[in-house]
>>> print(open('work39.cif').read())   # mmCIF, C-alpha atoms
data_entry
#
loop_
_atom_site.group_PDB
_atom_site.id
_atom_site.type_symbol
_atom_site.label_atom_id
_atom_site.label_comp_id
_atom_site.auth_asym_id
_atom_site.auth_seq_id
_atom_site.Cartn_x
_atom_site.Cartn_y
_atom_site.Cartn_z
ATOM 1 C CA VAL N 1 4.494 13.353 -0.373
ATOM 2 C CA MET N 2 0.712 13.365 -0.271
ATOM 3 C CA PRO N 3 -2.116 11.975 -2.375
ATOM 4 C CA ARG N 4 -3.376 14.114 -5.237
ATOM 5 C CA SER N 5 -6.899 14.682 -3.916
ATOM 6 C CA LEU N 6 -9.149 17.599 -3.083
ATOM 7 C CA PRO N 7 -9.134 17.171 0.737
ATOM 8 C CA VAL N 8 -5.360 17.850 0.858
ATOM 9 C CA PHE N 9 -5.434 20.826 -1.524
ATOM 10 C CA GLU N 10 -5.231 23.358 1.339
ATOM 11 C CA ARG N 11 -2.143 21.616 2.733
ATOM 12 C CA PHE N 12 -0.639 21.644 -0.751
ATOM 13 C CA LEU N 13 -1.126 25.411 -1.060
ATOM 14 C CA LEU N 14 0.297 26.081 2.406
ATOM 15 C CA ILE N 15 3.415 23.983 1.839
ATOM 16 C CA ARG N 16 4.002 25.610 -1.553
ATOM 17 C CA ALA N 17 3.501 29.103 -0.060
ATOM 18 C CA TYR N 18 6.392 28.383 2.325
ATOM 19 C CA GLY N 19 8.595 27.145 -0.513
ATOM 20 C CA GLY N 20 8.183 23.436 0.072
ATOM 21 C CA GLU N 21 8.387 20.833 -2.646
ATOM 22 C CA ILE N 22 5.552 18.361 -2.939
ATOM 23 C CA ALA N 23 5.285 15.016 -4.678
ATOM 24 C CA LEU N 24 1.726 13.865 -5.315
ATOM 25 C CA SER N 25 0.736 10.213 -5.407
ATOM 26 C CA ASP N 26 -2.188 8.714 -7.276
ATOM 27 C CA PRO N 27 -5.167 8.776 -4.861
ATOM 28 C CA ALA N 28 -6.447 5.534 -6.372
ATOM 29 C CA LEU N 29 -3.430 3.802 -4.777
ATOM 30 C CA GLY N 30 -4.504 4.924 -1.291
ATOM 31 C CA ALA N 31 -2.063 5.191 1.581
ATOM 32 C CA GLN N 32 0.205 2.546 0.097
ATOM 33 C CA GLY N 33 0.632 4.836 -2.902
ATOM 34 C CA PHE N 34 2.033 7.751 -0.899
ATOM 35 C CA LEU N 35 4.120 5.435 1.292
ATOM 36 C CA ASP N 36 5.664 3.764 -1.777
ATOM 37 C CA LEU N 37 6.326 7.125 -3.457
ATOM 38 C CA ALA N 38 8.012 8.474 -0.313
ATOM 39 C CA LYS N 39 10.265 5.418 -0.171
ATOM 40 C CA LYS N 40 11.109 5.721 -3.876
ATOM 41 C CA ILE N 41 12.075 9.381 -3.445
ATOM 42 C CA ALA N 42 14.091 8.652 -0.283
ATOM 43 C CA ASP N 43 15.932 5.800 -2.005
ATOM 44 C CA ALA N 44 16.848 8.124 -4.869
ATOM 45 C CA THR N 45 17.825 11.111 -2.705
ATOM 46 C CA ARG N 46 21.262 11.070 -1.151
ATOM 47 C CA GLY N 47 21.239 11.920 2.566
ATOM 48 C CA SER N 48 17.473 11.689 2.850
ATOM 49 C CA VAL N 49 15.627 10.427 5.907
ATOM 50 C CA LEU N 50 12.344 8.567 5.681
ATOM 51 C CA MET N 51 10.379 9.260 8.866
ATOM 52 C CA ARG N 52 7.985 6.273 8.583
ATOM 53 C CA GLN N 53 5.397 8.048 10.707
ATOM 54 C CA PHE N 54 3.065 5.035 10.812
ATOM 55 C CA GLU N 55 5.673 2.847 12.523
ATOM 56 C CA ASN N 56 8.225 5.226 14.070
ATOM 57 C CA GLU N 57 8.237 4.837 17.870
ATOM 58 C CA ASP N 58 9.328 8.476 18.235
ATOM 59 C CA ASN N 59 5.877 9.470 16.952
ATOM 60 C CA SER N 60 4.108 8.133 20.043
ATOM 61 C CA LEU N 61 7.021 9.140 22.299
ATOM 62 C CA ALA N 62 6.513 12.792 21.292
ATOM 63 C CA HIS N 63 2.888 12.555 22.452
ATOM 64 C CA LEU N 64 3.855 10.689 25.629
ATOM 65 C CA GLU N 65 6.359 13.402 26.569
ATOM 66 C CA GLY N 66 4.635 16.469 25.117
ATOM 67 C CA THR N 67 0.965 16.335 24.161
ATOM 68 C CA GLY N 68 -0.176 14.009 26.960
ATOM 69 C CA PRO N 69 1.311 16.115 29.786
ATOM 70 C CA GLU N 70 -0.042 19.286 28.177
ATOM 71 C CA ILE N 71 -3.575 17.863 28.079
ATOM 72 C CA TRP N 72 -3.248 16.666 31.695
ATOM 73 C CA ARG N 73 -2.135 20.119 32.861
ATOM 74 C CA GLN N 74 -4.751 22.017 30.892
ATOM 75 C CA CYS N 75 -7.497 19.775 32.278
ATOM 76 C CA GLY N 76 -6.338 20.265 35.848
ATOM 77 C CA GLY N 77 -5.339 16.639 36.296
ATOM 78 C CA ARG N 78 -8.774 15.243 35.482
ATOM 79 C CA VAL N 79 -9.311 13.497 32.139
ATOM 80 C CA ASP N 80 -12.194 11.048 31.948
ATOM 81 C CA ALA N 81 -11.826 10.318 28.246
ATOM 82 C CA PHE N 82 -9.432 11.141 25.438
ATOM 83 C CA VAL N 83 -10.809 11.043 21.888
ATOM 84 C CA CYS N 84 -8.627 11.299 18.805
ATOM 85 C CA GLY N 85 -8.657 10.340 15.160
ATOM 86 C CA ALA N 86 -6.936 7.111 14.178
ATOM 87 C CA GLY N 87 -4.250 8.917 12.156
ATOM 88 C CA THR N 88 -0.950 7.078 12.524
ATOM 89 C CA GLY N 89 -1.850 5.681 15.950
ATOM 90 C CA GLY N 90 0.930 7.710 17.590
ATOM 91 C CA THR N 91 -1.329 10.246 19.306
ATOM 92 C CA ALA N 92 -3.607 7.571 20.761
ATOM 93 C CA ARG N 93 -0.647 5.519 21.956
ATOM 94 C CA GLY N 94 1.425 8.339 23.454
ATOM 95 C CA CYS N 95 -1.327 10.495 24.944
ATOM 96 C CA GLY N 96 -3.344 7.456 25.968
ATOM 97 C CA ALA N 97 -0.417 5.901 27.827
ATOM 98 C CA TYR N 98 0.381 9.132 29.646
ATOM 99 C CA LEU N 99 -3.219 9.904 30.584
ATOM 100 C CA LYS N 100 -3.942 6.339 31.709
ATOM 101 C CA GLN N 101 -0.770 6.311 33.826
ATOM 102 C CA ARG N 102 -1.607 9.634 35.489
ATOM 103 C CA SER N 103 -5.255 8.686 36.063
ATOM 104 C CA LEU N 104 -4.305 5.256 37.437
ATOM 105 C CA GLY N 105 -6.051 3.626 34.490
ATOM 106 C CA SER N 106 -9.370 5.431 34.655
ATOM 107 C CA THR N 107 -8.995 7.540 31.483
ATOM 108 C CA ARG N 108 -10.841 5.992 28.546
ATOM 109 C CA VAL N 109 -9.100 6.274 25.162
ATOM 110 C CA VAL N 110 -11.402 6.462 22.139
ATOM 111 C CA VAL N 111 -10.041 6.212 18.604
ATOM 112 C CA ALA N 112 -12.302 7.502 15.820
ATOM 113 C CA GLU N 113 -12.120 6.477 12.200
ATOM 114 C CA PRO N 114 -14.265 7.355 9.178
ATOM 115 C CA VAL N 115 -16.931 4.775 8.435
ATOM 116 C CA GLU N 116 -15.549 4.714 4.874
ATOM 117 C CA SER N 117 -12.164 3.603 6.188
ATOM 118 C CA ARG N 118 -12.799 0.861 8.710
ATOM 119 C CA VAL N 119 -9.564 -0.733 9.819
ATOM 120 C CA LEU N 120 -9.989 -0.800 13.589
ATOM 121 C CA SER N 121 -13.727 -1.383 13.867
ATOM 122 C CA SER N 122 -14.069 -4.183 11.363
ATOM 123 C CA THR N 123 -12.790 -7.696 10.918
ATOM 124 C CA GLN N 124 -12.054 -6.764 7.298
ATOM 125 C CA THR N 125 -10.267 -3.618 6.212
ATOM 126 C CA VAL N 126 -12.646 -1.406 4.259
ATOM 127 C CA HIS N 127 -11.241 1.732 2.705
ATOM 128 C CA HIS N 128 -12.933 4.206 0.408
ATOM 129 C CA ASN N 129 -12.019 7.829 -0.193
ATOM 130 C CA HIS N 130 -13.419 10.224 2.380
ATOM 131 C CA VAL N 131 -13.032 13.893 3.315
ATOM 132 C CA LEU N 132 -11.492 13.502 6.794
ATOM 133 C CA THR N 133 -7.882 14.006 5.799
ATOM 134 C CA GLY N 134 -5.308 12.501 8.134
ATOM 135 C CA ILE N 135 -7.412 10.211 10.314
ATOM 136 C CA GLY N 136 -8.332 7.216 8.174
ATOM 137 C CA ALA N 137 -5.575 6.079 5.835
ATOM 138 C CA GLY N 138 -7.050 2.609 5.478
ATOM 139 C CA ILE N 139 -3.926 0.746 6.601
ATOM 140 C CA ASN N 140 -2.916 -1.265 9.644
ATOM 141 C CA LEU N 141 -1.610 0.979 12.439
ATOM 142 C CA PRO N 142 1.249 -0.777 14.252
ATOM 143 C CA LEU N 143 1.604 2.098 16.743
ATOM 144 C CA LEU N 144 -1.999 1.814 17.918
ATOM 145 C CA PRO N 145 -2.185 -0.031 21.231
ATOM 146 C CA PRO N 146 -4.512 -3.034 21.443
ATOM 147 C CA ASP N 147 -6.063 -1.654 24.652
ATOM 148 C CA CYS N 148 -7.870 1.134 22.742
ATOM 149 C CA LEU N 149 -11.067 -0.851 23.112
ATOM 150 C CA ALA N 150 -13.404 2.116 22.993
ATOM 151 C CA ARG N 151 -13.732 3.029 19.347
ATOM 152 C CA ALA N 152 -16.010 5.320 17.403
ATOM 153 C CA ARG N 153 -16.965 5.618 13.751
ATOM 154 C CA TRP N 154 -17.742 8.865 12.000
ATOM 155 C CA ARG N 155 -19.562 9.452 8.745
ATOM 156 C CA SER N 156 -17.305 11.752 6.791
ATOM 157 C CA GLY N 157 -20.229 12.949 4.679
ATOM 158 C CA GLY N 158 -21.424 14.992 7.656
ATOM 159 C CA GLY N 159 -23.924 12.426 8.943
ATOM 160 C CA GLY N 160 -22.653 12.726 12.506
ATOM 161 C CA PRO N 161 -21.287 10.161 14.913
ATOM 162 C CA GLN N 162 -22.268 6.524 14.832
ATOM 163 C CA PRO N 163 -22.888 4.515 17.989
ATOM 164 C CA PRO N 164 -19.689 3.377 19.744
ATOM 165 C CA LEU N 165 -18.517 -0.069 18.815
ATOM 166 C CA PRO N 166 -17.996 -2.844 21.343
#
>>> encode(input="work39.cif", output="structure tokens")
Amino acid sequence: VMPRSLPVFERFLLIRAYGGEIALSDPALGAQGFLDLAKKIADATRGSVLMRQFENEDNSLAHLEGTGPEIWRQCGGRVDAFVCGAGTGGTARGCGAYLKQRSLGSTRVVVAEPVESRVLSSTQTVHHNHVLTGIGAGINLPLLPPDCLARARWRSGGGGPQPPLP
């Protein structure tokens, strides 16, 4: 399940090329639209499993056990900062926890989100369509740890990074 929008068209073609079936949600409904459609399909499909990637603890656990250690090794045990897109929050939580633990707390975790989809960097959720597929769904991210204090915004129209937020 994915929104019917141009930024995901390449993913659509790739999944179809490998024989996958795709259900497209109305992009005007935002992230809630594809989440609701996935639940509707799962409810109607016997034996289905709904992964709930935005709230599934195994999401961040995979990054804690896999991605985080890989980054640590490839950087020779020295990681000053880890920057990732907001996404589901699982990467920031899992990698961030691992890297902070290994660095005795000195690794800074920075979570970036499109300026058009401010959920983390604003007191009010602001979500408009943008071209950075997969990092700014415009919904609350329960997996994202509250200690990701260093945050960045990015103009998806190619305007470059914005100053870090407090």
>>> atom_distance(input="work39.cif", atom1="atom CA of Val111 of chain N", atom2="atom CA of Ala86 of chain N")
5.5 Å
>>> resolve_selection(input="work39.cif", expression="the PyMOL selection byres ((chain N and resi 97) around 12)", output="MDAnalysis selection string")
chainID N and resid 60:65 67:69 72 82 89:96 98:109 143:148
>>> closest_atom_pairs(input="work39.cif", of="segment 30-69 of chain N", to="segment 1-24 of chain N", cutoff="9 Å", atoms="only C-alpha atoms", output="tab-separated table")
residue	atom	partner	partner_atom	distance
N:Gly30	CA	N:Pro3	CA	7.5
N:Ala31	CA	N:Pro3	CA	7.9
N:Gly33	CA	N:Pro3	CA	7.7
N:Phe34	CA	N:Met2	CA	5.8
N:Leu35	CA	N:Val1	CA	8.1
N:Leu37	CA	N:Val1	CA	7.2
N:Ala38	CA	N:Val1	CA	6.0
N:Ile41	CA	N:Ala23	CA	8.9
>>> atom_distance(input="work39.cif", atom1="atom CA of Gly138 of chain N", atom2="atom CA of Gln32 of chain N")
9.0 Å
>>> build_atoms(input="work39.cif", residues="segment 78-89 of chain N", atoms="all heavy atoms", output="CSV table (one decimal), keeping the file's coordinate frame")
chain,number,residue,atom,x,y,z
N,78,ARG,N,-7.6,16.1,35.5
N,78,ARG,CA,-8.8,15.2,35.5
N,78,ARG,C,-9.2,15.0,34.0
N,78,ARG,O,-9.7,16.0,33.4
N,78,ARG,CB,-9.9,15.9,36.2
N,78,ARG,CG,-11.2,15.0,36.2
N,78,ARG,CD,-12.3,15.6,37.1
N,78,ARG,NE,-13.5,15.1,36.8
N,78,ARG,CZ,-14.1,14.0,37.3
N,78,ARG,NH1,-13.4,13.4,38.3
N,78,ARG,NH2,-15.2,13.5,37.0
N,79,VAL,N,-8.9,13.8,33.5
N,79,VAL,CA,-9.3,13.5,32.1
N,79,VAL,C,-10.1,12.2,32.2
N,79,VAL,O,-9.5,11.1,32.4
N,79,VAL,CB,-8.1,13.4,31.2
N,79,VAL,CG1,-8.5,13.0,29.8
N,79,VAL,CG2,-7.2,14.7,31.3
N,80,ASP,N,-11.4,12.3,31.9
N,80,ASP,CA,-12.2,11.0,31.9
N,80,ASP,C,-12.0,10.3,30.7
N,80,ASP,O,-12.1,9.0,30.7
N,80,ASP,CB,-13.7,11.4,32.2
N,80,ASP,CG,-13.9,12.1,33.5
N,80,ASP,OD1,-13.3,11.6,34.5
N,80,ASP,OD2,-14.7,13.0,33.6
N,81,ALA,N,-12.0,11.0,29.5
N,81,ALA,CA,-11.8,10.3,28.2
N,81,ALA,C,-11.0,11.2,27.3
N,81,ALA,O,-11.0,12.4,27.4
N,81,ALA,CB,-13.2,10.1,27.6
N,82,PHE,N,-10.2,10.5,26.5
N,82,PHE,CA,-9.4,11.1,25.4
N,82,PHE,C,-9.9,10.6,24.1
N,82,PHE,O,-9.8,9.4,23.9
N,82,PHE,CB,-7.9,10.9,25.7
N,82,PHE,CG,-7.0,11.4,24.6
N,82,PHE,CD1,-6.9,12.7,24.4
N,82,PHE,CD2,-6.4,10.5,23.7
N,82,PHE,CE1,-6.0,13.2,23.4
N,82,PHE,CE2,-5.6,10.9,22.7
N,82,PHE,CZ,-5.4,12.3,22.6
N,83,VAL,N,-10.3,11.5,23.2
N,83,VAL,CA,-10.8,11.0,21.9
N,83,VAL,C,-9.9,11.6,20.8
N,83,VAL,O,-9.6,12.8,20.9
N,83,VAL,CB,-12.3,11.5,21.7
N,83,VAL,CG1,-12.8,11.1,20.3
N,83,VAL,CG2,-13.2,11.1,22.8
N,84,CYS,N,-9.5,10.8,19.9
N,84,CYS,CA,-8.6,11.3,18.8
N,84,CYS,C,-8.9,10.5,17.6
N,84,CYS,O,-9.4,9.4,17.6
N,84,CYS,CB,-7.1,11.2,19.2
N,84,CYS,SG,-6.5,9.6,19.4
N,85,GLY,N,-8.6,11.1,16.4
N,85,GLY,CA,-8.7,10.3,15.2
N,85,GLY,C,-7.6,9.3,15.1
N,85,GLY,O,-6.6,9.4,15.7
N,86,ALA,N,-7.9,8.2,14.3
N,86,ALA,CA,-6.9,7.1,14.2
N,86,ALA,C,-5.6,7.6,13.7
N,86,ALA,O,-4.5,7.2,14.3
N,86,ALA,CB,-7.5,6.0,13.2
N,87,GLY,N,-5.5,8.4,12.7
N,87,GLY,CA,-4.2,8.9,12.2
N,87,GLY,C,-3.2,7.8,12.0
N,87,GLY,O,-3.4,6.8,11.4
N,88,THR,N,-2.0,8.1,12.6
N,88,THR,CA,-1.0,7.1,12.5
N,88,THR,C,-1.0,6.1,13.7
N,88,THR,O,-0.3,5.2,13.8
N,88,THR,CB,0.4,7.8,12.5
N,88,THR,OG1,0.6,8.5,13.8
N,88,THR,CG2,0.6,8.7,11.4
N,89,GLY,N,-1.8,6.5,14.7
N,89,GLY,CA,-1.8,5.7,16.0
N,89,GLY,C,-0.9,6.3,17.0
N,89,GLY,O,-1.0,5.9,18.2
